[in-house]
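What follows is a single structure, written as structure tokens, with notes after it.
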Amino acid sequence: MITCPWCGTSYVAFQSNCKNCGGPLLPPTPVESQVESELPAPPPPPRAISTAYTWKLMSTDAGSIGGFVVMMVGFIFGIVGMGLTAGIITAFVGIPFAVLGLAMLVGGAGMVYWRYQEKHKIVAVLQTGQTARGQIIAVDENMAVSINNRHPWNIRYGFIYNGQNWEGSTTTLNTPGPNLQPGQATWVLYMPESPELNAIYPHP
């Protein structure tokens, strides 16, 4: 993928000037071409991706983890609240605890269900999505979340479909290797009817 240094417009194939701003474009270097040629192309759909992979994706997703935490806290609050409500003297304290616990339990479950549906869509993309050339845009470590003393990495990427620029992102607990660094070429799988549903391949 060629990106115009003047306006940021991206092109799949090289051309001497940017169609958007008219600025000159530099041809890809031999190193970039070598990296692209080393990327294994995704197999044709349908691909053998298990639906159980959805849970692996959720294990590195901050929203899913947050939902599980809220559910656990809500469950504890609910148990404590019901215990206090059972005693007549402590009922005035137990009822608010029980109500708060129930609200957190329902809210956390709703968050987990929503994130499950989102990750399930990603698995569907990996199974049946169409292939496009893409490029890694940014790689950032999320220091606000820690899972087993590791921080998840957020990988943002872009690709072109039907003459339009599209972007996507994914998270992983694995430290991104040389092929997952900003500016590197990558493969992207997408749904033609909904290009906003996309994923990089191989999925980290």
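Every chain in the structure tokens has a letter given in the order shown (A, B, ...), and although residue numbers restart at 1 in each chain, ligands are simply numbered from 1 in the order shown.
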
- Item | Filtered DSSP result for region 49-197 of chain A, state helix (DSSP H, G or I), as number ranges by chain | A: 53-58, 62-86, 91-128, 178-180

- Contacts of Glu118 (chain A) at 12 Å or less, counting only C-alpha atoms, minus same-chain residues fewer than 6 places along, as a PyMOL selection string? chain A and resi 54-55+57-58+61+63-64+111-112+124-125+170+196-199

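Nearest to Thr3 (chain A) of all the residues A:Asn154, A:Asn179, A:Asn20, A:Ser50 is A:Asn20, based on only C-alpha atoms.
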
- Would you kindly return, as a list in words, each protein, DNA or RNA residue with an atom no farther than 8 Å from any atom of region 105-107 of chain A, considering only C-alpha atoms and excluding same-chain residues fewer than 6 positions away?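 What passes the distance filter is Gly67, Val70, Met71, Met72, Val73, Gly74 and Phe75 of chain A.
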
Go ahead and save the picked residues with C-alpha atoms, as a PDB file, in the first residue's frame.
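Resulting contents of selection13.pdb:
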```
ATOM      1  CA  GLY A  67     -17.981  -6.593  32.082  1.00  0.00           C
ATOM      2  CA  VAL A  70     -18.703  -5.712  37.109  1.00  0.00           C
ATOM      3  CA  MET A  71     -20.652  -8.997  37.117  1.00  0.00           C
ATOM      4  CA  MET A  72     -18.460 -10.430  39.888  1.00  0.00           C
ATOM      5  CA  VAL A  73     -18.760  -7.304  42.028  1.00  0.00           C
ATOM      6  CA  GLY A  74     -22.505  -7.221  41.439  1.00  0.00           C
ATOM      7  CA  PHE A  75     -22.828 -10.862  42.460  1.00  0.00           C
TER       8      PHE A  75
END
```

- Of the listed residues A:Gly81, A:Ile136, A:Ala109, A:Arg156, that which approaches Pro96 (chain A) most closely, counting only C-alpha atoms: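 Residue with the minimum atom-to-atom distance to Pro96 (chain A): A:Gly81.
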
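Distance check against His151 (chain A) using only C-alpha atoms: of A:Pro46, A:Pro176, A:Gly163, A:Gly183, the minimum falls on A:Pro176.
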
- Message: Would you compute the distance between CA of Thr128 (chain A) and CA of Leu39 (chain A)? Give it in Å to one decimal.
- Response: 19.4 Å

- Message: Could you list, as a list in words, every residue within 12 Å of region 147-149 of chain A, counting only C-alpha atoms and ignoring same-chain residues fewer than 3 positions away?
- Response: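 Skipping anything fewer than 3 positions along the chain leaves Met58, Ser59, Thr60, Asp61, Ala62, Ile65, Gly66, Asn142, Met143, Ala144, Pro152, Trp153, Thr172, Leu173 and Asn174 of chain A.
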
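Going from CA of Pro204 (chain A) over to CA of Gly177 (chain A), you cover 9.5 Å.
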
- Exercise: Pro192 (chain A) partners within 9 Å, only C-alpha atoms, chain neighbours under 4 positions left out, as a list in words: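 Here the answer would be Gly129, Gln130, Tyr161 and Leu197 of chain A.
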
Would you list, as a CSV table (one decimal) with N, CA, C and O atoms, in the first residue's frame, the residues of region 99-154 of chain A that end up in strand (DSSP E) under DSSP run on this structure's backbone?
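File states18.csv, as written:
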```csv
chain,number,residue,atom,x,y,z
A,130,GLN,N,-13.5,-11.7,2.6
A,130,GLN,CA,-12.7,-11.5,1.4
A,130,GLN,C,-11.4,-10.9,1.7
A,130,GLN,O,-11.2,-10.3,2.8
A,131,THR,N,-10.4,-11.0,0.8
A,131,THR,CA,-9.0,-10.7,1.1
A,131,THR,C,-8.7,-9.3,0.4
A,131,THR,O,-9.1,-9.1,-0.7
A,132,ALA,N,-7.9,-8.5,1.2
A,132,ALA,CA,-7.4,-7.2,0.6
A,132,ALA,C,-6.0,-7.0,1.2
A,132,ALA,O,-5.7,-7.4,2.3
A,133,ARG,N,-5.2,-6.2,0.5
A,133,ARG,CA,-3.9,-5.8,1.0
A,133,ARG,C,-4.2,-4.6,2.0
A,133,ARG,O,-5.1,-3.8,1.8
A,134,GLY,N,-3.5,-4.6,3.1
A,134,GLY,CA,-3.6,-3.5,4.1
A,134,GLY,C,-2.3,-3.1,4.6
A,134,GLY,O,-1.2,-3.5,4.1
A,135,GLN,N,-2.3,-2.2,5.6
A,135,GLN,CA,-1.1,-1.7,6.2
A,135,GLN,C,-1.4,-1.4,7.6
A,135,GLN,O,-2.4,-0.9,8.0
A,136,ILE,N,-0.3,-1.7,8.5
A,136,ILE,CA,-0.4,-1.4,9.9
A,136,ILE,C,-0.3,0.1,10.1
A,136,ILE,O,0.7,0.7,9.6
A,137,ILE,N,-1.2,0.7,10.8
A,137,ILE,CA,-1.2,2.2,11.0
A,137,ILE,C,-0.5,2.5,12.3
A,137,ILE,O,0.4,3.4,12.4
A,138,ALA,N,-0.9,1.9,13.4
A,138,ALA,CA,-0.3,2.2,14.7
A,138,ALA,C,-0.4,1.0,15.6
A,138,ALA,O,-1.3,0.1,15.5
A,139,VAL,N,0.5,1.0,16.6
A,139,VAL,CA,0.6,-0.1,17.5
A,139,VAL,C,0.8,0.5,18.9
A,139,VAL,O,1.8,1.2,19.1
A,140,ASP,N,-0.1,0.3,19.8
A,140,ASP,CA,0.0,1.0,21.2
A,140,ASP,C,-0.3,-0.1,22.3
A,140,ASP,O,-1.1,-0.9,22.1
A,141,GLU,N,0.5,0.0,23.3
A,141,GLU,CA,0.3,-0.8,24.5
A,141,GLU,C,-0.7,-0.1,25.5
A,141,GLU,O,-0.5,1.0,25.8
A,153,TRP,N,-2.0,-5.2,23.6
A,153,TRP,CA,-1.6,-4.3,22.6
A,153,TRP,C,-2.7,-4.0,21.6
A,153,TRP,O,-3.5,-4.9,21.3
A,154,ASN,N,-2.9,-2.7,21.3
A,154,ASN,CA,-3.9,-2.4,20.3
A,154,ASN,C,-3.3,-2.1,19.0
A,154,ASN,O,-2.4,-1.3,18.8
```

- Query: For Ser10 (chain A), which of A:Ala98, A:Ile79, A:Ala185, A:Ile160 is the closest residue, counting only C-alpha atoms?
  - Reply: A:Ile160

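Considering the residues A:Gln164, A:Thr175, A:Ser194, A:Gln127 and counting only C-alpha atoms, Tyr53 (chain A) has its shortest atom-to-atom contact with A:Gln127.
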
- Item | Computed interatomic separation between CA of Met191 (chain A) and CA of Pro43 (chain A) (Å) |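 Computing the Euclidean distance for CA of Met191 (chain A) and CA of Pro43 (chain A) yields 15.4 Å.
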
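In terms of minimum interatomic distance to Tyr116 (chain A), A:Thr51 ranks closest within A:Ile76, A:Val69, A:Ile89, A:Thr51, counting only C-alpha atoms.
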
- 12 Å contact set for Gly83 (chain A), only C-alpha atoms, chain neighbours under 2 positions out, as a PyMOL selection string: chain A and resi 76-81+85-98

File dump, residues just selected, N, CA and C atoms, as a PDB file, in the first residue's frame:
```pdb
ATOM      1  N   ILE A  76     -21.324 -10.304  44.293  1.00  0.00           N
ATOM      2  CA  ILE A  76     -20.938 -10.200  45.706  1.00  0.00           C
ATOM      3  C   ILE A  76     -21.855  -9.234  46.444  1.00  0.00           C
ATOM      4  N   PHE A  77     -22.118  -8.068  45.824  1.00  0.00           N
ATOM      5  CA  PHE A  77     -23.014  -7.093  46.453  1.00  0.00           C
ATOM      6  C   PHE A  77     -24.399  -7.705  46.658  1.00  0.00           C
ATOM      7  N   GLY A  78     -24.877  -8.468  45.664  1.00  0.00           N
ATOM      8  CA  GLY A  78     -26.198  -9.073  45.775  1.00  0.00           C
ATOM      9  C   GLY A  78     -26.275 -10.076  46.904  1.00  0.00           C
ATOM     10  N   ILE A  79     -25.243 -10.923  47.050  1.00  0.00           N
ATOM     11  CA  ILE A  79     -25.226 -11.913  48.128  1.00  0.00           C
ATOM     12  C   ILE A  79     -25.211 -11.219  49.486  1.00  0.00           C
ATOM     13  N   VAL A  80     -24.331 -10.214  49.615  1.00  0.00           N
ATOM     14  CA  VAL A  80     -24.246  -9.478  50.894  1.00  0.00           C
ATOM     15  C   VAL A  80     -25.570  -8.782  51.181  1.00  0.00           C
ATOM     16  N   GLY A  81     -26.141  -8.166  50.142  1.00  0.00           N
ATOM     17  CA  GLY A  81     -27.405  -7.445  50.333  1.00  0.00           C
ATOM     18  C   GLY A  81     -28.525  -8.366  50.757  1.00  0.00           C
ATOM     19  N   THR A  85     -30.552  -8.230  54.203  1.00  0.00           N
ATOM     20  CA  THR A  85     -32.003  -8.042  54.133  1.00  0.00           C
ATOM     21  C   THR A  85     -32.734  -9.101  54.955  1.00  0.00           C
ATOM     22  N   ALA A  86     -32.136 -10.283  55.074  1.00  0.00           N
ATOM     23  CA  ALA A  86     -32.761 -11.355  55.845  1.00  0.00           C
ATOM     24  C   ALA A  86     -32.910 -10.979  57.311  1.00  0.00           C
ATOM     25  N   GLY A  87     -31.992 -10.130  57.799  1.00  0.00           N
ATOM     26  CA  GLY A  87     -32.106  -9.667  59.181  1.00  0.00           C
ATOM     27  C   GLY A  87     -32.959  -8.410  59.243  1.00  0.00           C
ATOM     28  N   ILE A  88     -33.935  -8.394  60.095  1.00  0.00           N
ATOM     29  CA  ILE A  88     -34.861  -7.256  60.163  1.00  0.00           C
ATOM     30  C   ILE A  88     -34.131  -5.965  60.490  1.00  0.00           C
ATOM     31  N   ILE A  89     -33.174  -6.039  61.408  1.00  0.00           N
ATOM     32  CA  ILE A  89     -32.478  -4.827  61.851  1.00  0.00           C
ATOM     33  C   ILE A  89     -31.604  -4.259  60.730  1.00  0.00           C
ATOM     34  N   THR A  90     -31.002  -5.124  59.937  1.00  0.00           N
ATOM     35  CA  THR A  90     -30.063  -4.665  58.900  1.00  0.00           C
ATOM     36  C   THR A  90     -30.709  -4.571  57.520  1.00  0.00           C
ATOM     37  N   ALA A  91     -32.021  -4.739  57.450  1.00  0.00           N
ATOM     38  CA  ALA A  91     -32.698  -4.739  56.152  1.00  0.00           C
ATOM     39  C   ALA A  91     -32.553  -3.404  55.437  1.00  0.00           C
ATOM     40  N   PHE A  92     -32.548  -2.300  56.184  1.00  0.00           N
ATOM     41  CA  PHE A  92     -32.460  -0.976  55.544  1.00  0.00           C
ATOM     42  C   PHE A  92     -31.114  -0.783  54.839  1.00  0.00           C
ATOM     43  N   VAL A  93     -30.098  -1.539  55.276  1.00  0.00           N
ATOM     44  CA  VAL A  93     -28.789  -1.501  54.603  1.00  0.00           C
ATOM     45  C   VAL A  93     -28.743  -2.554  53.499  1.00  0.00           C
ATOM     46  N   GLY A  94     -29.344  -3.701  53.750  1.00  0.00           N
ATOM     47  CA  GLY A  94     -29.279  -4.801  52.800  1.00  0.00           C
ATOM     48  C   GLY A  94     -30.016  -4.548  51.502  1.00  0.00           C
ATOM     49  N   ILE A  95     -31.169  -3.872  51.583  1.00  0.00           N
ATOM     50  CA  ILE A  95     -31.950  -3.648  50.358  1.00  0.00           C
ATOM     51  C   ILE A  95     -31.179  -2.817  49.329  1.00  0.00           C
ATOM     52  N   PRO A  96     -30.574  -1.676  49.705  1.00  0.00           N
ATOM     53  CA  PRO A  96     -29.776  -0.934  48.717  1.00  0.00           C
ATOM     54  C   PRO A  96     -28.617  -1.767  48.143  1.00  0.00           C
ATOM     55  N   PHE A  97     -27.967  -2.571  49.015  1.00  0.00           N
ATOM     56  CA  PHE A  97     -26.877  -3.435  48.541  1.00  0.00           C
ATOM     57  C   PHE A  97     -27.401  -4.422  47.499  1.00  0.00           C
ATOM     58  N   ALA A  98     -28.542  -5.026  47.788  1.00  0.00           N
ATOM     59  CA  ALA A  98     -29.107  -6.015  46.875  1.00  0.00           C
ATOM     60  C   ALA A  98     -29.505  -5.387  45.547  1.00  0.00           C
TER      61      ALA A  98
END
```
